[in-house]
Amino acid sequence: LANEMNEVENLIGSIDSKKIITEGNSSFNDLISYLNSKFEDLNLSYFIDLEQSALAGKDKVSTRVVKVPGDFEKGRKRAKEVGEKGERILNKYFEIEKSKKRIKDFTWLNDGNIESGKPYDFEIIQTDNEILYVDAKSTGFDEFNKPIYISPNELEWIDTYRDNYHIYRLYSIYTEPKMRICKNVFEVSDIFLPHYKEIGTFLKKVHNKLAISGAKLRVPVDIDVLSFTGDLNLPN
């Protein structure tokens, strides 16, 4: 807060309880612009936090000091909308790829907004008839570097199909959609699954009614074991 107060004083001079800034003051527009920018920054941080909290399954938004009822539901709704929009954009991309004969065919498993329950979103038949499983991980914001979340069910599938399971990271989907592709996400499953299974085995030994349920793995996209392609522009 001290930094913000200093920034305001740089705009309007020293602040005291009787100071009034009116439209006629030369600093008025500068002050309004500054306050608007701060509000937009705060609002953006809140929505980014909301999206990340929903993906992680958390019911708390860290940008709020006090938890507000409805934040979690807002986050879940937003994450669902972002996920659906990202898949629609990716569906258009695959339609173009198919029309240009870069792939033979594809299936969008969640077409019609009905969740298939599968640990991936698209099944791609390549020109050599090899099948790829594609999971879309989307964000509505311009930052590629936000973490992605992968469920144990997805990691089991990744571990089985390895080179044939790809993560498509979509971002900026509301403005200028872009994507980067990760083809070696099995490197993460190789690290996580043995320990995850060890914990499950340990819990069964301790008490046969204890089990892990609903956990997700938070994966930074800049982790050194993962490789992503460069940016690919997508149809909006």
# chains A, B, ... in the order shown; residues from 1 in each chain; ligands from 1
$ residues_around --residues "region 123-126 of chain A" --least-positions-apart "2" --cutoff "12 Å" --atoms "only C-alpha atoms" --output "ChimeraX atom specification"
/A:90-91,94-95,97-98,101-110,118-121,128-136,164-166
$ write_last_selection --atoms "N, CA, C and O atoms" --output "compact mmCIF listing (two decimals), in the first residue's frame"
# COMPACT_ATOMS: atom_id res chain seq x y z
N LEU A 90 -10.10 -25.71 -30.81
CA LEU A 90 -9.25 -26.81 -31.25
C LEU A 90 -9.98 -27.67 -32.29
O LEU A 90 -9.35 -28.19 -33.23
N ASN A 91 -11.29 -27.81 -32.14
CA ASN A 91 -12.07 -28.56 -33.12
C ASN A 91 -11.97 -27.89 -34.50
O ASN A 91 -11.79 -28.58 -35.52
N PHE A 94 -8.58 -28.71 -36.00
CA PHE A 94 -8.49 -30.05 -36.56
C PHE A 94 -9.30 -30.18 -37.85
O PHE A 94 -8.93 -30.97 -38.74
N GLU A 95 -10.40 -29.45 -37.96
CA GLU A 95 -11.16 -29.45 -39.22
C GLU A 95 -10.29 -28.92 -40.36
O GLU A 95 -10.32 -29.47 -41.47
N GLU A 97 -6.95 -28.93 -40.38
CA GLU A 97 -5.90 -29.92 -40.59
C GLU A 97 -6.41 -31.08 -41.44
O GLU A 97 -5.70 -31.58 -42.32
N LYS A 98 -7.64 -31.50 -41.20
CA LYS A 98 -8.22 -32.60 -41.98
C LYS A 98 -8.46 -32.17 -43.43
O LYS A 98 -8.18 -32.93 -44.37
N LYS A 101 -5.51 -32.37 -45.38
CA LYS A 101 -4.99 -33.74 -45.42
C LYS A 101 -3.71 -33.92 -44.58
O LYS A 101 -2.87 -34.77 -44.88
N ARG A 102 -3.58 -33.11 -43.53
CA ARG A 102 -2.47 -33.29 -42.60
C ARG A 102 -2.79 -34.37 -41.57
O ARG A 102 -1.88 -34.91 -40.93
N ILE A 103 -4.08 -34.61 -41.38
CA ILE A 103 -4.53 -35.74 -40.58
C ILE A 103 -5.63 -36.45 -41.38
O ILE A 103 -6.26 -35.85 -42.26
N LYS A 104 -5.85 -37.73 -41.08
CA LYS A 104 -6.86 -38.47 -41.83
C LYS A 104 -8.26 -38.20 -41.29
O LYS A 104 -9.21 -37.99 -42.04
N ASP A 105 -8.39 -38.19 -39.97
CA ASP A 105 -9.69 -37.96 -39.35
C ASP A 105 -9.48 -37.64 -37.87
O ASP A 105 -8.37 -37.79 -37.35
N PHE A 106 -10.55 -37.20 -37.22
CA PHE A 106 -10.48 -36.94 -35.79
C PHE A 106 -11.86 -37.04 -35.18
O PHE A 106 -12.88 -36.92 -35.87
N THR A 107 -11.90 -37.27 -33.89
CA THR A 107 -13.16 -37.30 -33.14
C THR A 107 -13.04 -36.38 -31.94
O THR A 107 -12.07 -36.46 -31.17
N TRP A 108 -14.01 -35.49 -31.80
CA TRP A 108 -14.10 -34.63 -30.62
C TRP A 108 -15.01 -35.35 -29.63
O TRP A 108 -16.21 -35.46 -29.86
N LEU A 109 -14.46 -35.83 -28.56
CA LEU A 109 -15.22 -36.68 -27.65
C LEU A 109 -16.29 -35.93 -26.87
O LEU A 109 -17.29 -36.53 -26.47
N ASN A 110 -16.08 -34.64 -26.65
CA ASN A 110 -17.04 -33.86 -25.85
C ASN A 110 -17.94 -32.99 -26.72
O ASN A 110 -18.48 -31.99 -26.25
N LYS A 118 -13.68 -39.54 -20.66
CA LYS A 118 -12.38 -40.06 -21.08
C LYS A 118 -11.27 -39.12 -20.59
O LYS A 118 -11.49 -37.91 -20.41
N PRO A 119 -10.05 -39.62 -20.41
CA PRO A 119 -8.94 -38.77 -19.94
C PRO A 119 -8.27 -38.00 -21.07
O PRO A 119 -7.09 -37.69 -21.00
N TYR A 120 -9.01 -37.69 -22.12
CA TYR A 120 -8.51 -36.88 -23.23
C TYR A 120 -9.73 -36.31 -23.96
O TYR A 120 -10.87 -36.73 -23.71
N ASP A 121 -9.50 -35.33 -24.85
CA ASP A 121 -10.61 -34.62 -25.49
C ASP A 121 -10.78 -34.94 -26.98
O ASP A 121 -11.88 -34.84 -27.52
N ASP A 128 -0.73 -41.90 -41.28
CA ASP A 128 -0.18 -43.27 -41.28
C ASP A 128 -1.03 -44.22 -40.44
O ASP A 128 -0.61 -45.33 -40.11
N ASN A 129 -2.25 -43.72 -40.07
CA ASN A 129 -3.24 -44.49 -39.28
C ASN A 129 -2.88 -44.64 -37.80
O ASN A 129 -3.59 -45.32 -37.06
N GLU A 130 -1.80 -44.01 -37.38
CA GLU A 130 -1.48 -44.03 -35.96
C GLU A 130 -2.46 -43.11 -35.23
O GLU A 130 -2.87 -42.07 -35.73
N ILE A 131 -2.85 -43.50 -34.01
CA ILE A 131 -3.82 -42.73 -33.24
C ILE A 131 -3.12 -41.91 -32.17
O ILE A 131 -2.25 -42.40 -31.44
N LEU A 132 -3.50 -40.63 -32.10
CA LEU A 132 -3.03 -39.73 -31.06
C LEU A 132 -4.19 -39.38 -30.14
O LEU A 132 -5.32 -39.22 -30.58
N TYR A 133 -3.88 -39.25 -28.85
CA TYR A 133 -4.86 -38.81 -27.86
C TYR A 133 -4.45 -37.41 -27.42
O TYR A 133 -3.34 -37.21 -26.94
N VAL A 134 -5.36 -36.46 -27.59
CA VAL A 134 -5.05 -35.05 -27.33
C VAL A 134 -5.92 -34.53 -26.19
O VAL A 134 -7.15 -34.66 -26.22
N ASP A 135 -5.27 -33.94 -25.22
CA ASP A 135 -5.97 -33.30 -24.10
C ASP A 135 -5.76 -31.79 -24.20
O ASP A 135 -4.62 -31.32 -24.22
N ALA A 136 -6.86 -31.05 -24.30
CA ALA A 136 -6.79 -29.59 -24.39
C ALA A 136 -6.73 -29.01 -22.98
O ALA A 136 -7.59 -29.29 -22.15
N ASN A 164 1.99 -41.21 -27.72
CA ASN A 164 0.74 -40.98 -28.44
C ASN A 164 -0.25 -40.12 -27.66
O ASN A 164 -1.40 -39.96 -28.08
N TYR A 165 0.19 -39.59 -26.52
CA TYR A 165 -0.66 -38.69 -25.73
C TYR A 165 -0.01 -37.32 -25.70
O TYR A 165 1.12 -37.17 -25.22
N HIS A 166 -0.72 -36.32 -26.22
CA HIS A 166 -0.18 -34.96 -26.29
C HIS A 166 -1.05 -33.98 -25.52
O HIS A 166 -2.27 -34.10 -25.50
$ residues_around --residues "region 207-212 of chain A" --least-positions-apart "5" --cutoff "10 Å" --atoms "only C-alpha atoms" --output "list in words"
Tyr196, Lys197, Ile199, Gly200, Thr201 and Phe202 of chain A
$ closest_residue --among "A:Leu226, A:Leu170, A:Ile191, A:Asp159" --to "Tyr93 (chain A)" --atoms "only C-alpha atoms"
A:Leu170
$ decode --residues "region 82-114 of chain A" --atoms "N, CA, C and O atoms" --output "mmCIF file, in the first residue's frame"
data_model
loop_
_atom_site.group_PDB
_atom_site.id
_atom_site.type_symbol
_atom_site.label_atom_id
_atom_site.label_comp_id
_atom_site.auth_asym_id
_atom_site.auth_seq_id
_atom_site.Cartn_x
_atom_site.Cartn_y
_atom_site.Cartn_z
ATOM 1 N N VAL A 82 -14.261 -21.857 -20.142
ATOM 2 C CA VAL A 82 -12.948 -21.768 -20.797
ATOM 3 C C VAL A 82 -12.605 -23.089 -21.469
ATOM 4 O O VAL A 82 -12.135 -23.130 -22.605
ATOM 5 N N GLY A 83 -12.834 -24.193 -20.754
ATOM 6 C CA GLY A 83 -12.545 -25.508 -21.309
ATOM 7 C C GLY A 83 -13.347 -25.782 -22.575
ATOM 8 O O GLY A 83 -12.808 -26.276 -23.576
ATOM 9 N N GLU A 84 -14.640 -25.447 -22.544
ATOM 10 C CA GLU A 84 -15.502 -25.680 -23.711
ATOM 11 C C GLU A 84 -15.088 -24.819 -24.887
ATOM 12 O O GLU A 84 -15.041 -25.289 -26.029
ATOM 13 N N LYS A 85 -14.776 -23.551 -24.615
ATOM 14 C CA LYS A 85 -14.356 -22.661 -25.703
ATOM 15 C C LYS A 85 -13.034 -23.135 -26.306
ATOM 16 O O LYS A 85 -12.858 -23.144 -27.523
ATOM 17 N N GLY A 86 -12.101 -23.522 -25.450
ATOM 18 C CA GLY A 86 -10.820 -24.016 -25.935
ATOM 19 C C GLY A 86 -11.000 -25.226 -26.846
ATOM 20 O O GLY A 86 -10.361 -25.334 -27.897
ATOM 21 N N GLU A 87 -11.882 -26.137 -26.458
ATOM 22 C CA GLU A 87 -12.123 -27.324 -27.281
ATOM 23 C C GLU A 87 -12.794 -26.966 -28.605
ATOM 24 O O GLU A 87 -12.494 -27.581 -29.643
ATOM 25 N N ARG A 88 -13.693 -25.986 -28.595
ATOM 26 C CA ARG A 88 -14.333 -25.559 -29.850
ATOM 27 C C ARG A 88 -13.293 -24.978 -30.808
ATOM 28 O O ARG A 88 -13.322 -25.241 -32.017
ATOM 29 N N ILE A 89 -12.368 -24.194 -30.259
ATOM 30 C CA ILE A 89 -11.298 -23.625 -31.094
ATOM 31 C C ILE A 89 -10.421 -24.746 -31.655
ATOM 32 O O ILE A 89 -10.067 -24.745 -32.839
ATOM 33 N N LEU A 90 -10.097 -25.707 -30.813
ATOM 34 C CA LEU A 90 -9.247 -26.813 -31.253
ATOM 35 C C LEU A 90 -9.976 -27.674 -32.293
ATOM 36 O O LEU A 90 -9.351 -28.186 -33.235
ATOM 37 N N ASN A 91 -11.287 -27.812 -32.141
ATOM 38 C CA ASN A 91 -12.073 -28.556 -33.123
ATOM 39 C C ASN A 91 -11.971 -27.891 -34.502
ATOM 40 O O ASN A 91 -11.795 -28.577 -35.520
ATOM 41 N N LYS A 92 -12.051 -26.564 -34.535
ATOM 42 C CA LYS A 92 -11.886 -25.827 -35.804
ATOM 43 C C LYS A 92 -10.498 -26.081 -36.394
ATOM 44 O O LYS A 92 -10.343 -26.255 -37.603
ATOM 45 N N TYR A 93 -9.508 -26.070 -35.524
ATOM 46 C CA TYR A 93 -8.128 -26.316 -35.970
ATOM 47 C C TYR A 93 -8.004 -27.683 -36.629
ATOM 48 O O TYR A 93 -7.410 -27.822 -37.712
ATOM 49 N N PHE A 94 -8.577 -28.708 -36.002
ATOM 50 C CA PHE A 94 -8.486 -30.054 -36.563
ATOM 51 C C PHE A 94 -9.301 -30.184 -37.855
ATOM 52 O O PHE A 94 -8.931 -30.967 -38.745
ATOM 53 N N GLU A 95 -10.396 -29.449 -37.963
ATOM 54 C CA GLU A 95 -11.161 -29.447 -39.216
ATOM 55 C C GLU A 95 -10.294 -28.923 -40.361
ATOM 56 O O GLU A 95 -10.319 -29.471 -41.473
ATOM 57 N N ILE A 96 -9.536 -27.869 -40.072
ATOM 58 C CA ILE A 96 -8.625 -27.312 -41.088
ATOM 59 C C ILE A 96 -7.518 -28.312 -41.412
ATOM 60 O O ILE A 96 -7.185 -28.532 -42.579
ATOM 61 N N GLU A 97 -6.949 -28.926 -40.379
ATOM 62 C CA GLU A 97 -5.901 -29.917 -40.587
ATOM 63 C C GLU A 97 -6.406 -31.084 -41.444
ATOM 64 O O GLU A 97 -5.695 -31.583 -42.324
ATOM 65 N N LYS A 98 -7.640 -31.500 -41.203
ATOM 66 C CA LYS A 98 -8.221 -32.596 -41.984
ATOM 67 C C LYS A 98 -8.458 -32.166 -43.432
ATOM 68 O O LYS A 98 -8.178 -32.931 -44.368
ATOM 69 N N SER A 99 -8.963 -30.934 -43.621
ATOM 70 C CA SER A 99 -9.229 -30.450 -44.982
ATOM 71 C C SER A 99 -7.946 -30.329 -45.799
ATOM 72 O O SER A 99 -7.959 -30.474 -47.023
ATOM 73 N N LYS A 100 -6.837 -30.073 -45.115
ATOM 74 C CA LYS A 100 -5.538 -29.974 -45.798
ATOM 75 C C LYS A 100 -4.797 -31.317 -45.834
ATOM 76 O O LYS A 100 -3.633 -31.366 -46.240
ATOM 77 N N LYS A 101 -5.513 -32.369 -45.383
ATOM 78 C CA LYS A 101 -4.986 -33.736 -45.415
ATOM 79 C C LYS A 101 -3.714 -33.920 -44.580
ATOM 80 O O LYS A 101 -2.872 -34.773 -44.876
ATOM 81 N N ARG A 102 -3.584 -33.106 -43.529
ATOM 82 C CA ARG A 102 -2.473 -33.292 -42.604
ATOM 83 C C ARG A 102 -2.786 -34.365 -41.571
ATOM 84 O O ARG A 102 -1.882 -34.910 -40.933
ATOM 85 N N ILE A 103 -4.078 -34.610 -41.377
ATOM 86 C CA ILE A 103 -4.534 -35.743 -40.576
ATOM 87 C C ILE A 103 -5.626 -36.449 -41.379
ATOM 88 O O ILE A 103 -6.258 -35.848 -42.257
ATOM 89 N N LYS A 104 -5.847 -37.727 -41.084
ATOM 90 C CA LYS A 104 -6.863 -38.471 -41.833
ATOM 91 C C LYS A 104 -8.258 -38.200 -41.288
ATOM 92 O O LYS A 104 -9.212 -37.991 -42.037
ATOM 93 N N ASP A 105 -8.386 -38.192 -39.967
ATOM 94 C CA ASP A 105 -9.692 -37.960 -39.347
ATOM 95 C C ASP A 105 -9.480 -37.639 -37.874
ATOM 96 O O ASP A 105 -8.370 -37.794 -37.348
ATOM 97 N N PHE A 106 -10.548 -37.204 -37.223
ATOM 98 C CA PHE A 106 -10.476 -36.944 -35.786
ATOM 99 C C PHE A 106 -11.865 -37.043 -35.181
ATOM 100 O O PHE A 106 -12.879 -36.924 -35.867
ATOM 101 N N THR A 107 -11.903 -37.267 -33.887
ATOM 102 C CA THR A 107 -13.160 -37.303 -33.137
ATOM 103 C C THR A 107 -13.041 -36.377 -31.938
ATOM 104 O O THR A 107 -12.071 -36.461 -31.174
ATOM 105 N N TRP A 108 -14.006 -35.488 -31.802
ATOM 106 C CA TRP A 108 -14.100 -34.631 -30.620
ATOM 107 C C TRP A 108 -15.010 -35.350 -29.634
ATOM 108 O O TRP A 108 -16.214 -35.462 -29.862
ATOM 109 N N LEU A 109 -14.456 -35.832 -28.558
ATOM 110 C CA LEU A 109 -15.218 -36.679 -27.651
ATOM 111 C C LEU A 109 -16.294 -35.931 -26.872
ATOM 112 O O LEU A 109 -17.292 -36.529 -26.467
ATOM 113 N N ASN A 110 -16.084 -34.641 -26.649
ATOM 114 C CA ASN A 110 -17.036 -33.858 -25.853
ATOM 115 C C ASN A 110 -17.939 -32.992 -26.723
ATOM 116 O O ASN A 110 -18.481 -31.993 -26.250
ATOM 117 N N ASP A 111 -18.095 -33.340 -27.978
ATOM 118 C CA ASP A 111 -18.940 -32.569 -28.890
ATOM 119 C C ASP A 111 -20.363 -32.494 -28.331
ATOM 120 O O ASP A 111 -20.910 -33.499 -27.865
ATOM 121 N N GLY A 112 -20.932 -31.283 -28.371
ATOM 122 C CA GLY A 112 -22.260 -31.082 -27.805
ATOM 123 C C GLY A 112 -22.226 -30.789 -26.328
ATOM 124 O O GLY A 112 -23.245 -30.836 -25.638
ATOM 125 N N ASN A 113 -21.011 -30.463 -25.812
ATOM 126 C CA ASN A 113 -20.814 -30.127 -24.400
ATOM 127 C C ASN A 113 -21.205 -31.265 -23.456
ATOM 128 O O ASN A 113 -21.575 -31.034 -22.309
ATOM 129 N N ILE A 114 -21.157 -32.491 -23.958
ATOM 130 C CA ILE A 114 -21.422 -33.658 -23.123
ATOM 131 C C ILE A 114 -20.086 -34.326 -22.807
ATOM 132 O O ILE A 114 -19.401 -34.816 -23.706
#
